[in-house]
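Notes follow once the structure below has been shown.
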Amino acid sequence: MTTSRSLTSRGTVFVDHSQFTVGSAEVDTLDARARGSLLETGPGFATTFTGITYGPTRVTLVLLDQSPADPGDEWEIVEETTVVSGEPIGIYTLDGEPADGITAIPAGTYRLRACARGRDIATSREVLDPTEDYLIELWPHPVSTSSDGGDAFTVTTLRKTDRAWPLDDETEPEPVPVPEPDFSRVWVRDEHGNPVAVPFDSDLGRAAAADIAASGGAPLTDKHQENGSVRSWLHLDRPLIDWLIDQPEHIHEQFAATCIRLAISRAGLDTIPWVTEFVDATVLAGVAPGDPYTLADRVLHDPTIPKRIAAGPPGHTEALEQKEAVYTMVGYSPTARMPLSALYRALEAWRSSLATFGMHGYIEFNATLRQQFGVPSAC
């Protein structure tokens, strides 16, 4: 039999001291009787523990007519308890403020399943944009024991793959080591054309710096300096960028989107659903659905995602592919102090893509852009 949903609402709740409450506005959350990693339960409530310390988080509240199917693999922590409440059950901040967009469900006795993902992204940090998702499902559930709730005061952990809030019998895993690029040497080609990393103050290092300073052999216009950080990358294909800056805005947008997708694919992130969803939303809306730096942090600390160091293109240090691939979207940050032009975003996406592809891929990357946009070889 298919479980039907009689009420579903989605919204945002502000997290305070790493928690929010499922229950009524006046409930005493200090009267806790049982605790798991995600939930703490007591008379009329279930406190939900988050990874972030302060900030907004996405939440969905669902009322069902019977128990739901097994939770999907996208959820990193799943726990259940029972809530007995004489007041309507909603989602509230620690101070009793209702969550935006959430409709309370009728008072009653319910089994509650809480699912969460993203608690490891910004653990113990304050965020400006949501980085975590919570699904709260409730369905009618008789309590056969004492009048104060009885079996309500247990928490059952059905799944836990995240690191946040370890259980009493769970050993907190060691932080996932992230490869560190070597920023003390610059990559160049030697007299035989072979890639080699050399000190900045070596003959080859100084020659690379001079090549960068020449900016591809021509004076810079104001448009070239639309994104100042790109100046040190122009020598890698100045004619391509000369072509780009003369194009209309919609070409700048397409160019940026192409750079982003090529870099994400190069870094092996195009098979990660939550990464591709972020990319698709960014390209479609012209603004990222969250902070790209936060997304990069999640990618870097996800133990299931392989990390690779890329040798730098000529004149640059090596870089972490997966980090630079996500950084192609920093020009789309929703917290930017001022609107950024499509050209700025295109140049930024190109620069981070070059770092992603590195010494062994940047020529092919630029050639792909030329082919896809029909850029003449003379440019």
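Residue numbering restarts at 1 for every chain of the structure tokens, chains are lettered A, B, ... in their displayed order, and ligands are numbered from 1 as they appear.
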
Would you give me, as JSON lines, each residue of range 246-332 of chain A having an atom within 9 Å of an atom of range 179-194 of chain A, along with its shortest atom pair and that distance in Å to one decimal, using only C-alpha atoms and sorting by chain and residue number?
{"residue": "A:Lys307", "atom": "CA", "partner": "A:Pro179", "partner_atom": "CA", "distance": 7.1}
{"residue": "A:Arg308", "atom": "CA", "partner": "A:Pro179", "partner_atom": "CA", "distance": 7.5}
{"residue": "A:Ile309", "atom": "CA", "partner": "A:Pro181", "partner_atom": "CA", "distance": 6.4}
{"residue": "A:Ala310", "atom": "CA", "partner": "A:Pro181", "partner_atom": "CA", "distance": 8.4}
{"residue": "A:Ala311", "atom": "CA", "partner": "A:Trp187", "partner_atom": "CA", "distance": 6.8}
{"residue": "A:Gly312", "atom": "CA", "partner": "A:Trp187", "partner_atom": "CA", "distance": 5.5}
{"residue": "A:Pro313", "atom": "CA", "partner": "A:Trp187", "partner_atom": "CA", "distance": 6.4}
{"residue": "A:Pro314", "atom": "CA", "partner": "A:Val188", "partner_atom": "CA", "distance": 4.6}
{"residue": "A:Gly315", "atom": "CA", "partner": "A:Trp187", "partner_atom": "CA", "distance": 5.7}
{"residue": "A:His316", "atom": "CA", "partner": "A:Val186", "partner_atom": "CA", "distance": 5.1}
{"residue": "A:Thr317", "atom": "CA", "partner": "A:Val186", "partner_atom": "CA", "distance": 4.6}
{"residue": "A:Glu318", "atom": "CA", "partner": "A:Pro181", "partner_atom": "CA", "distance": 5.7}
{"residue": "A:Ala319", "atom": "CA", "partner": "A:Pro181", "partner_atom": "CA", "distance": 5.4}
{"residue": "A:Leu320", "atom": "CA", "partner": "A:Pro181", "partner_atom": "CA", "distance": 6.4}

>> I want to know what sits within 10 Å of Thr8 in chain A, based on only C-alpha atoms, with residues of the same chain fewer than 6 positions away left out; could you give that as a list in words?
In response: Thr60, Leu61, Val62, Leu63, Leu64, Ile102, Thr103, Ala104, Ile105, Ile136 and Glu137 of chain A

> In Å to one decimal, how far is CA of Pro239 in chain A from CA of Ala208 in chain A?
Replying inline: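 Computing the Euclidean distance for CA of Ala208 in chain A and CA of Pro239 in chain A yields 18.8 Å.
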
Please identify all polymer residues within 9 Å of range 157-166 of chain A, counting only C-alpha atoms, omitting same-chain residues fewer than 6 positions from it, and present them as a PDB file with all heavy atoms, in the first residue's frame.
ATOM      1  N   GLY A  36      19.755  10.419  21.033  1.00  0.00           N
ATOM      2  CA  GLY A  36      20.562   9.751  20.023  1.00  0.00           C
ATOM      3  C   GLY A  36      21.591  10.729  19.488  1.00  0.00           C
ATOM      4  O   GLY A  36      22.057  11.615  20.212  1.00  0.00           O
ATOM      5  N   SER A  37      21.923  10.593  18.210  1.00  0.00           N
ATOM      6  CA  SER A  37      22.843  11.532  17.568  1.00  0.00           C
ATOM      7  C   SER A  37      22.097  12.707  16.968  1.00  0.00           C
ATOM      8  O   SER A  37      22.573  13.841  17.010  1.00  0.00           O
ATOM      9  CB  SER A  37      23.643  10.826  16.466  1.00  0.00           C
ATOM     10  OG  SER A  37      24.369  11.747  15.686  1.00  0.00           O
ATOM     11  N   LEU A  38      20.909  12.447  16.430  1.00  0.00           N
ATOM     12  CA  LEU A  38      20.119  13.474  15.755  1.00  0.00           C
ATOM     13  C   LEU A  38      18.990  14.001  16.633  1.00  0.00           C
ATOM     14  O   LEU A  38      18.633  15.173  16.549  1.00  0.00           O
ATOM     15  CB  LEU A  38      19.544  12.898  14.457  1.00  0.00           C
ATOM     16  CG  LEU A  38      18.645  13.783  13.605  1.00  0.00           C
ATOM     17  CD1 LEU A  38      19.386  15.042  13.156  1.00  0.00           C
ATOM     18  CD2 LEU A  38      18.132  13.012  12.387  1.00  0.00           C
ATOM     19  N   PHE A  49      19.390  17.893  16.588  1.00  0.00           N
ATOM     20  CA  PHE A  49      20.748  18.416  16.671  1.00  0.00           C
ATOM     21  C   PHE A  49      21.344  18.590  15.277  1.00  0.00           C
ATOM     22  O   PHE A  49      21.299  17.678  14.447  1.00  0.00           O
ATOM     23  CB  PHE A  49      21.631  17.481  17.493  1.00  0.00           C
ATOM     24  CG  PHE A  49      21.209  17.394  18.931  1.00  0.00           C
ATOM     25  CD1 PHE A  49      20.697  16.211  19.450  1.00  0.00           C
ATOM     26  CD2 PHE A  49      21.297  18.492  19.762  1.00  0.00           C
ATOM     27  CE1 PHE A  49      20.299  16.127  20.766  1.00  0.00           C
ATOM     28  CE2 PHE A  49      20.904  18.424  21.086  1.00  0.00           C
ATOM     29  CZ  PHE A  49      20.404  17.237  21.598  1.00  0.00           C
ATOM     30  N   THR A  50      21.899  19.767  15.048  1.00  0.00           N
ATOM     31  CA  THR A  50      22.441  20.117  13.743  1.00  0.00           C
ATOM     32  C   THR A  50      23.967  20.123  13.769  1.00  0.00           C
ATOM     33  O   THR A  50      24.583  20.080  14.843  1.00  0.00           O
ATOM     34  CB  THR A  50      21.947  21.519  13.330  1.00  0.00           C
ATOM     35  OG1 THR A  50      22.444  22.483  14.272  1.00  0.00           O
ATOM     36  CG2 THR A  50      20.425  21.569  13.308  1.00  0.00           C
ATOM     37  N   GLY A  51      24.557  20.212  12.582  1.00  0.00           N
ATOM     38  CA  GLY A  51      26.002  20.355  12.497  1.00  0.00           C
ATOM     39  C   GLY A  51      26.428  21.792  12.752  1.00  0.00           C
ATOM     40  O   GLY A  51      27.357  22.058  13.503  1.00  0.00           O
ATOM     41  N   TRP A  75      20.173  10.291   2.676  1.00  0.00           N
ATOM     42  CA  TRP A  75      20.158  10.738   4.070  1.00  0.00           C
ATOM     43  C   TRP A  75      21.298  10.095   4.843  1.00  0.00           C
ATOM     44  O   TRP A  75      21.492   8.887   4.797  1.00  0.00           O
ATOM     45  CB  TRP A  75      18.814  10.418   4.718  1.00  0.00           C
ATOM     46  CG  TRP A  75      17.669  11.102   4.027  1.00  0.00           C
ATOM     47  CD1 TRP A  75      16.714  10.521   3.248  1.00  0.00           C
ATOM     48  CD2 TRP A  75      17.401  12.503   4.027  1.00  0.00           C
ATOM     49  NE1 TRP A  75      15.851  11.477   2.766  1.00  0.00           N
ATOM     50  CE2 TRP A  75      16.250  12.707   3.229  1.00  0.00           C
ATOM     51  CE3 TRP A  75      18.000  13.607   4.630  1.00  0.00           C
ATOM     52  CZ2 TRP A  75      15.703  13.970   3.010  1.00  0.00           C
ATOM     53  CZ3 TRP A  75      17.455  14.867   4.415  1.00  0.00           C
ATOM     54  CH2 TRP A  75      16.327  15.040   3.627  1.00  0.00           C
ATOM     55  N   GLU A  76      22.045  10.922   5.572  1.00  0.00           N
ATOM     56  CA  GLU A  76      23.252  10.468   6.262  1.00  0.00           C
ATOM     57  C   GLU A  76      22.997  10.023   7.699  1.00  0.00           C
ATOM     58  O   GLU A  76      23.814   9.302   8.278  1.00  0.00           O
ATOM     59  CB  GLU A  76      24.296  11.592   6.250  1.00  0.00           C
ATOM     60  CG  GLU A  76      24.707  12.001   4.843  1.00  0.00           C
ATOM     61  CD  GLU A  76      25.376  13.361   4.767  1.00  0.00           C
ATOM     62  OE1 GLU A  76      25.305  14.114   5.762  1.00  0.00           O
ATOM     63  OE2 GLU A  76      25.961  13.666   3.717  1.00  0.00           O
ATOM     64  N   ILE A  77      21.897  10.466   8.257  1.00  0.00           N
ATOM     65  CA  ILE A  77      21.517  10.069   9.615  1.00  0.00           C
ATOM     66  C   ILE A  77      19.997   9.964   9.665  1.00  0.00           C
ATOM     67  O   ILE A  77      19.301  10.854   9.177  1.00  0.00           O
ATOM     68  CB  ILE A  77      22.042  11.069  10.678  1.00  0.00           C
ATOM     69  CG1 ILE A  77      21.487  10.777  12.064  1.00  0.00           C
ATOM     70  CG2 ILE A  77      21.749  12.499  10.285  1.00  0.00           C
ATOM     71  CD1 ILE A  77      22.139   9.631  12.766  1.00  0.00           C
ATOM     72  N   VAL A  78      19.487   8.854  10.213  1.00  0.00           N
ATOM     73  CA  VAL A  78      18.042   8.627  10.316  1.00  0.00           C
ATOM     74  C   VAL A  78      17.752   8.082  11.714  1.00  0.00           C
ATOM     75  O   VAL A  78      18.343   7.075  12.117  1.00  0.00           O
ATOM     76  CB  VAL A  78      17.530   7.634   9.258  1.00  0.00           C
ATOM     77  CG1 VAL A  78      16.015   7.453   9.379  1.00  0.00           C
ATOM     78  CG2 VAL A  78      17.901   8.081   7.851  1.00  0.00           C
ATOM     79  N   GLU A  79      16.877   8.755  12.436  1.00  0.00           N
ATOM     80  CA  GLU A  79      16.489   8.282  13.770  1.00  0.00           C
ATOM     81  C   GLU A  79      14.987   8.400  13.939  1.00  0.00           C
ATOM     82  O   GLU A  79      14.329   9.206  13.278  1.00  0.00           O
ATOM     83  CB  GLU A  79      17.212   9.089  14.865  1.00  0.00           C
ATOM     84  CG  GLU A  79      18.696   8.780  14.931  1.00  0.00           C
ATOM     85  CD  GLU A  79      19.405   9.418  16.106  1.00  0.00           C
ATOM     86  OE1 GLU A  79      18.857  10.368  16.707  1.00  0.00           O
ATOM     87  OE2 GLU A  79      20.527   8.981  16.420  1.00  0.00           O
ATOM     88  N   GLU A  80      14.442   7.572  14.875  1.00  0.00           N
ATOM     89  CA  GLU A  80      13.011   7.585  15.159  1.00  0.00           C
ATOM     90  C   GLU A  80      12.768   7.678  16.656  1.00  0.00           C
ATOM     91  O   GLU A  80      13.572   7.209  17.474  1.00  0.00           O
ATOM     92  CB  GLU A  80      12.334   6.320  14.612  1.00  0.00           C
ATOM     93  CG  GLU A  80      12.202   6.285  13.099  1.00  0.00           C
ATOM     94  CD  GLU A  80      11.363   5.103  12.608  1.00  0.00           C
ATOM     95  OE1 GLU A  80      10.849   4.350  13.469  1.00  0.00           O
ATOM     96  OE2 GLU A  80      11.232   4.952  11.381  1.00  0.00           O
ATOM     97  N   ARG A 117      20.922  15.455   6.307  1.00  0.00           N
ATOM     98  CA  ARG A 117      22.158  15.381   5.535  1.00  0.00           C
ATOM     99  C   ARG A 117      22.845  16.744   5.578  1.00  0.00           C
ATOM    100  O   ARG A 117      22.188  17.766   5.726  1.00  0.00           O
ATOM    101  CB  ARG A 117      21.896  14.977   4.081  1.00  0.00           C
ATOM    102  CG  ARG A 117      21.010  15.925   3.291  1.00  0.00           C
ATOM    103  CD  ARG A 117      20.913  15.506   1.834  1.00  0.00           C
ATOM    104  NE  ARG A 117      19.998  16.366   1.106  1.00  0.00           N
ATOM    105  CZ  ARG A 117      18.841  15.976   0.578  1.00  0.00           C
ATOM    106  NH1 ARG A 117      18.456  14.712   0.690  1.00  0.00           N
ATOM    107  NH2 ARG A 117      18.058  16.834  -0.071  1.00  0.00           N
ATOM    108  N   GLY A 118      24.171  16.708   5.487  1.00  0.00           N
ATOM    109  CA  GLY A 118      24.944  17.940   5.453  1.00  0.00           C
ATOM    110  C   GLY A 118      25.495  18.390   6.795  1.00  0.00           C
ATOM    111  O   GLY A 118      26.104  19.450   6.882  1.00  0.00           O
ATOM    112  N   ARG A 119      25.332  17.590   7.855  1.00  0.00           N
ATOM    113  CA  ARG A 119      25.779  18.048   9.177  1.00  0.00           C
ATOM    114  C   ARG A 119      27.306  18.146   9.286  1.00  0.00           C
ATOM    115  O   ARG A 119      27.825  18.781  10.208  1.00  0.00           O
ATOM    116  CB  ARG A 119      25.242  17.131  10.286  1.00  0.00           C
ATOM    117  CG  ARG A 119      23.734  17.103  10.402  1.00  0.00           C
ATOM    118  CD  ARG A 119      23.267  16.552  11.742  1.00  0.00           C
ATOM    119  NE  ARG A 119      23.776  15.200  12.006  1.00  0.00           N
ATOM    120  CZ  ARG A 119      23.668  14.585  13.176  1.00  0.00           C
ATOM    121  NH1 ARG A 119      23.073  15.200  14.206  1.00  0.00           N
ATOM    122  NH2 ARG A 119      24.131  13.358  13.345  1.00  0.00           N
ATOM    123  N   ASP A 120      28.012  17.508   8.346  1.00  0.00           N
ATOM    124  CA  ASP A 120      29.475  17.564   8.378  1.00  0.00           C
ATOM    125  C   ASP A 120      30.048  18.722   7.548  1.00  0.00           C
ATOM    126  O   ASP A 120      31.256  18.914   7.518  1.00  0.00           O
ATOM    127  CB  ASP A 120      30.074  16.251   7.845  1.00  0.00           C
ATOM    128  CG  ASP A 120      29.817  15.077   8.771  1.00  0.00           C
ATOM    129  OD1 ASP A 120      29.536  15.311   9.959  1.00  0.00           O
ATOM    130  OD2 ASP A 120      29.884  13.919   8.308  1.00  0.00           O
ATOM    131  N   THR A 123      30.378  22.048  10.370  1.00  0.00           N
ATOM    132  CA  THR A 123      30.228  21.678  11.768  1.00  0.00           C
ATOM    133  C   THR A 123      30.811  22.743  12.691  1.00  0.00           C
ATOM    134  O   THR A 123      31.921  23.234  12.473  1.00  0.00           O
ATOM    135  CB  THR A 123      30.918  20.329  12.040  1.00  0.00           C
ATOM    136  OG1 THR A 123      30.389  19.350  11.138  1.00  0.00           O
ATOM    137  CG2 THR A 123      30.678  19.876  13.463  1.00  0.00           C
ATOM    138  N   GLU A 172      34.513   8.536  17.373  1.00  0.00           N
ATOM    139  CA  GLU A 172      34.508   9.611  16.393  1.00  0.00           C
ATOM    140  C   GLU A 172      35.662   9.416  15.423  1.00  0.00           C
ATOM    141  O   GLU A 172      36.822   9.300  15.829  1.00  0.00           O
ATOM    142  CB  GLU A 172      34.653  10.964  17.081  1.00  0.00           C
ATOM    143  CG  GLU A 172      34.509  12.136  16.139  1.00  0.00           C
ATOM    144  CD  GLU A 172      34.414  13.456  16.868  1.00  0.00           C
ATOM    145  OE1 GLU A 172      34.514  13.450  18.106  1.00  0.00           O
ATOM    146  OE2 GLU A 172      34.231  14.483  16.190  1.00  0.00           O
ATOM    147  N   PRO A 173      35.371   9.354  14.116  1.00  0.00           N
ATOM    148  CA  PRO A 173      36.433   9.095  13.148  1.00  0.00           C
ATOM    149  C   PRO A 173      37.411  10.244  13.052  1.00  0.00           C
ATOM    150  O   PRO A 173      37.084  11.395  13.341  1.00  0.00           O
ATOM    151  CB  PRO A 173      35.661   8.916  11.821  1.00  0.00           C
ATOM    152  CG  PRO A 173      34.400   9.690  12.023  1.00  0.00           C
ATOM    153  CD  PRO A 173      34.057   9.542  13.483  1.00  0.00           C
ATOM    154  N   PRO A 175      39.511  13.104  11.306  1.00  0.00           N
ATOM    155  CA  PRO A 175      39.194  13.973  10.168  1.00  0.00           C
ATOM    156  C   PRO A 175      39.827  13.441   8.886  1.00  0.00           C
ATOM    157  O   PRO A 175      40.923  12.885   8.903  1.00  0.00           O
ATOM    158  CB  PRO A 175      39.817  15.317  10.573  1.00  0.00           C
ATOM    159  CG  PRO A 175      39.920  15.259  12.061  1.00  0.00           C
ATOM    160  CD  PRO A 175      40.165  13.829  12.402  1.00  0.00           C
TER     161      PRO A 175
END

>> Please list as a VMD selection string every residue within 12 Å of Gln254 in chain A, counting only C-alpha atoms and excluding residues in the same chain fewer than 6 positions away.
In response: chain A and resid 244 247 to 248 260 to 261 283 to 284 286 342 to 343 345 to 347 349 to 350 369 372 to 373

Kindly export the residues of the current selection with N, CA and C atoms, as a short mmCIF file (atom, residue, chain, number, x, y, z; two decimals), in the first residue's frame.
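This is the output file result.cif:
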data_model
loop_
_atom_site.label_atom_id
_atom_site.label_comp_id
_atom_site.auth_asym_id
_atom_site.auth_seq_id
_atom_site.Cartn_x
_atom_site.Cartn_y
_atom_site.Cartn_z
N LEU A 244 36.73 36.77 -26.24
CA LEU A 244 35.63 36.69 -25.27
C LEU A 244 35.13 38.07 -24.86
N GLN A 247 32.49 39.78 -26.90
CA GLN A 247 31.21 39.11 -27.13
C GLN A 247 30.11 39.71 -26.26
N PRO A 248 28.84 39.50 -26.65
CA PRO A 248 27.72 40.01 -25.84
C PRO A 248 27.57 39.22 -24.54
N ILE A 260 32.47 25.91 -16.12
CA ILE A 260 32.07 25.25 -14.87
C ILE A 260 31.85 23.76 -15.09
N ARG A 261 31.09 23.41 -16.11
CA ARG A 261 30.77 21.99 -16.33
C ARG A 261 32.01 21.19 -16.74
N VAL A 283 23.78 27.57 -12.76
CA VAL A 283 23.76 27.94 -14.17
C VAL A 283 22.37 28.41 -14.59
N LEU A 284 21.33 27.75 -14.09
CA LEU A 284 19.96 28.09 -14.48
C LEU A 284 19.53 29.44 -13.93
N GLY A 286 21.55 31.83 -12.47
CA GLY A 286 22.52 32.91 -12.52
C GLY A 286 23.00 33.34 -11.16
N ALA A 342 28.50 39.44 -16.08
CA ALA A 342 28.65 38.13 -16.73
C ALA A 342 30.08 37.93 -17.20
N LEU A 343 30.74 39.01 -17.63
CA LEU A 343 32.14 38.89 -18.05
C LEU A 343 33.03 38.54 -16.87
N ARG A 345 32.21 36.87 -14.22
CA ARG A 345 31.99 35.46 -13.87
C ARG A 345 32.63 34.53 -14.89
N ALA A 346 32.59 34.93 -16.17
CA ALA A 346 33.21 34.09 -17.21
C ALA A 346 34.73 34.03 -17.01
N LEU A 347 35.34 35.16 -16.71
CA LEU A 347 36.79 35.18 -16.49
C LEU A 347 37.17 34.38 -15.25
N ALA A 349 35.47 31.85 -13.93
CA ALA A 349 35.29 30.42 -14.22
C ALA A 349 36.43 29.89 -15.08
N TRP A 350 36.89 30.70 -16.02
CA TRP A 350 38.02 30.29 -16.87
C TRP A 350 39.29 30.13 -16.05
N LEU A 369 37.13 24.90 -25.59
CA LEU A 369 36.36 26.14 -25.59
C LEU A 369 36.32 26.76 -26.99
N GLN A 372 33.91 24.68 -29.14
CA GLN A 372 32.49 24.80 -28.80
C GLN A 372 31.92 26.18 -29.14
N PHE A 373 32.78 27.22 -29.10
CA PHE A 373 32.28 28.57 -29.37
C PHE A 373 32.69 29.08 -30.75
#

>> Using only C-alpha atoms, which protein or nucleic acid residues come within 6 Å of range 16-26 of chain A? Drop anything in the same chain fewer than 6 positions from it, and give the result as a PyMOL selection string.
In response: chain A and resi 44-50+52-54+89-94+96

Put those residues in a file: all heavy atoms, as a compact mmCIF listing (two decimals), in the first residue's frame.
# COMPACT_ATOMS: atom_id res chain seq x y z
N GLY A 44 6.33 15.64 24.83
CA GLY A 44 5.78 16.58 23.86
C GLY A 44 6.77 17.18 22.88
O GLY A 44 6.41 18.09 22.14
N PHE A 45 8.00 16.67 22.81
CA PHE A 45 8.95 17.30 21.90
C PHE A 45 10.03 16.32 21.46
O PHE A 45 10.25 15.26 22.06
CB PHE A 45 9.63 18.50 22.58
CG PHE A 45 10.65 18.13 23.61
CD1 PHE A 45 11.99 17.96 23.26
CD2 PHE A 45 10.28 17.92 24.94
CE1 PHE A 45 12.94 17.60 24.21
CE2 PHE A 45 11.23 17.57 25.89
CZ PHE A 45 12.56 17.41 25.53
N ALA A 46 10.72 16.72 20.41
CA ALA A 46 11.95 16.07 19.96
C ALA A 46 12.90 17.18 19.51
O ALA A 46 12.62 17.89 18.54
CB ALA A 46 11.69 15.09 18.82
N THR A 47 13.98 17.35 20.23
CA THR A 47 15.01 18.32 19.83
C THR A 47 15.85 17.71 18.72
O THR A 47 16.22 16.53 18.79
CB THR A 47 15.90 18.69 21.02
OG1 THR A 47 15.11 19.39 21.99
CG2 THR A 47 17.06 19.57 20.59
N THR A 48 16.16 18.50 17.71
CA THR A 48 16.96 18.02 16.58
C THR A 48 18.32 18.70 16.63
O THR A 48 18.41 19.93 16.68
CB THR A 48 16.25 18.35 15.25
OG1 THR A 48 14.92 17.82 15.28
CG2 THR A 48 17.01 17.74 14.08
N PHE A 49 19.39 17.89 16.59
CA PHE A 49 20.75 18.42 16.67
C PHE A 49 21.34 18.59 15.28
O PHE A 49 21.30 17.68 14.45
CB PHE A 49 21.63 17.48 17.49
CG PHE A 49 21.21 17.39 18.93
CD1 PHE A 49 20.70 16.21 19.45
CD2 PHE A 49 21.30 18.49 19.76
CE1 PHE A 49 20.30 16.13 20.77
CE2 PHE A 49 20.90 18.42 21.09
CZ PHE A 49 20.40 17.24 21.60
N THR A 50 21.90 19.77 15.05
CA THR A 50 22.44 20.12 13.74
C THR A 50 23.97 20.12 13.77
O THR A 50 24.58 20.08 14.84
CB THR A 50 21.95 21.52 13.33
OG1 THR A 50 22.44 22.48 14.27
CG2 THR A 50 20.43 21.57 13.31
N ILE A 52 25.71 22.74 12.13
CA ILE A 52 26.04 24.15 12.32
C ILE A 52 25.69 24.59 13.73
O ILE A 52 24.84 23.97 14.40
CB ILE A 52 25.30 25.04 11.29
CG1 ILE A 52 23.78 24.92 11.47
CG2 ILE A 52 25.72 24.71 9.88
CD1 ILE A 52 22.99 25.92 10.65
N THR A 53 26.33 25.65 14.19
CA THR A 53 26.02 26.19 15.51
C THR A 53 24.90 27.23 15.42
O THR A 53 23.97 27.22 16.23
CB THR A 53 27.27 26.83 16.13
OG1 THR A 53 28.31 25.84 16.17
CG2 THR A 53 26.99 27.30 17.55
N TYR A 54 25.02 28.13 14.44
CA TYR A 54 24.00 29.15 14.23
C TYR A 54 23.75 29.32 12.74
O TYR A 54 24.65 29.15 11.92
CB TYR A 54 24.45 30.52 14.80
CG TYR A 54 24.73 30.52 16.27
CD1 TYR A 54 26.03 30.38 16.74
CD2 TYR A 54 23.70 30.68 17.20
CE1 TYR A 54 26.30 30.39 18.10
CE2 TYR A 54 23.96 30.69 18.55
CZ TYR A 54 25.27 30.55 19.00
OH TYR A 54 25.53 30.56 20.34
N ILE A 89 1.78 20.31 16.67
CA ILE A 89 3.21 20.05 16.56
C ILE A 89 3.77 20.80 15.36
O ILE A 89 3.34 20.60 14.22
CB ILE A 89 3.49 18.54 16.42
CG1 ILE A 89 2.99 17.80 17.67
CG2 ILE A 89 4.97 18.27 16.19
CD1 ILE A 89 3.06 16.29 17.55
N GLY A 90 4.73 21.65 15.63
CA GLY A 90 5.38 22.40 14.57
C GLY A 90 6.89 22.33 14.74
O GLY A 90 7.42 21.50 15.48
N ILE A 91 7.58 23.21 14.05
CA ILE A 91 9.04 23.30 14.16
C ILE A 91 9.38 24.69 14.63
O ILE A 91 8.91 25.70 14.08
CB ILE A 91 9.70 22.98 12.80
CG1 ILE A 91 9.41 21.53 12.43
CG2 ILE A 91 11.20 23.25 12.84
CD1 ILE A 91 9.95 21.10 11.08
N TYR A 92 10.24 24.76 15.67
CA TYR A 92 10.49 26.02 16.35
C TYR A 92 11.98 26.21 16.62
O TYR A 92 12.75 25.24 16.71
CB TYR A 92 9.73 26.07 17.69
CG TYR A 92 8.24 26.02 17.52
CD1 TYR A 92 7.56 24.81 17.48
CD2 TYR A 92 7.50 27.19 17.40
CE1 TYR A 92 6.18 24.75 17.32
CE2 TYR A 92 6.11 27.15 17.24
CZ TYR A 92 5.47 25.93 17.19
OH TYR A 92 4.10 25.89 17.03
N THR A 93 12.35 27.48 16.77
CA THR A 93 13.70 27.78 17.20
C THR A 93 13.81 27.50 18.70
O THR A 93 12.82 27.21 19.38
CB THR A 93 14.04 29.27 16.96
OG1 THR A 93 13.24 30.07 17.84
CG2 THR A 93 13.76 29.66 15.51
N LEU A 94 15.02 27.63 19.22
CA LEU A 94 15.25 27.41 20.64
C LEU A 94 14.45 28.40 21.48
O LEU A 94 14.08 28.10 22.62
CB LEU A 94 16.75 27.54 20.93
CG LEU A 94 17.28 26.95 22.23
CD1 LEU A 94 17.03 25.46 22.29
CD2 LEU A 94 18.77 27.23 22.38
N GLY A 96 11.46 29.47 20.70
CA GLY A 96 10.04 29.28 20.50
C GLY A 96 9.45 30.00 19.31
O GLY A 96 8.22 30.07 19.16

> If we count only C-alpha atoms, what is near Tyr327 in chain A at a cut-off of 9 Å, once residues fewer than 2 positions away on the same chain are taken out, given as a PyMOL selection string?
Replying inline: chain A and resi 260+292-293+296+322-325+329-331+348-349+352-353

Include C-alpha atoms and write out the residues we just selected as a PDB file, in the first residue's frame.
ATOM      1  CA  ILE A 260      32.066  25.253 -14.871  1.00  0.00           C
ATOM      2  CA  PRO A 292      30.350  27.876  -3.179  1.00  0.00           C
ATOM      3  CA  TYR A 293      33.092  27.973  -0.541  1.00  0.00           C
ATOM      4  CA  ALA A 296      33.995  23.167  -1.633  1.00  0.00           C
ATOM      5  CA  GLN A 322      38.252  19.325  -6.727  1.00  0.00           C
ATOM      6  CA  LYS A 323      38.576  22.619  -4.831  1.00  0.00           C
ATOM      7  CA  GLU A 324      39.353  24.677  -7.928  1.00  0.00           C
ATOM      8  CA  ALA A 325      36.509  23.022  -9.854  1.00  0.00           C
ATOM      9  CA  MET A 329      31.242  29.195  -9.260  1.00  0.00           C
ATOM     10  CA  VAL A 330      32.466  31.750  -6.718  1.00  0.00           C
ATOM     11  CA  GLY A 331      31.375  34.573  -9.033  1.00  0.00           C
ATOM     12  CA  GLU A 348      36.647  33.753 -12.976  1.00  0.00           C
ATOM     13  CA  ALA A 349      35.285  30.421 -14.218  1.00  0.00           C
ATOM     14  CA  SER A 352      39.650  28.322 -11.883  1.00  0.00           C
ATOM     15  CA  SER A 353      39.155  25.866 -14.735  1.00  0.00           C
TER      16      SER A 353
END

> Looking at only C-alpha atoms, which of A:Gly55, A:Ser341, A:Val375, A:Leu112 is the one that sits closest to His252 in chain A?
Replying inline: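 Smallest distance to His252 in chain A is found for A:Ser341.
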
Counting only C-alpha atoms, which residues of range 92-181 of chain A sit at most 7 Å from some atom of range 31-35 of chain A, and what is each one's closest atom pair with its distance in Å to one decimal, listed by chain and rising residue number, as CSV?
residue,atom,partner,partner_atom,distance
A:Phe153,CA,A:Ala34,CA,5.6
A:Thr154,CA,A:Ala34,CA,5.5
A:Val155,CA,A:Arg35,CA,6.0

Keeping only C-alpha atoms, write the selected residues to a file as a PDB file, in the first residue's frame.
ATOM      1  CA  PHE A 153      11.189   8.111  25.569  1.00  0.00           C
ATOM      2  CA  THR A 154      13.473   6.069  23.365  1.00  0.00           C
ATOM      3  CA  VAL A 155      15.476   7.042  20.307  1.00  0.00           C
TER       4      VAL A 155
END
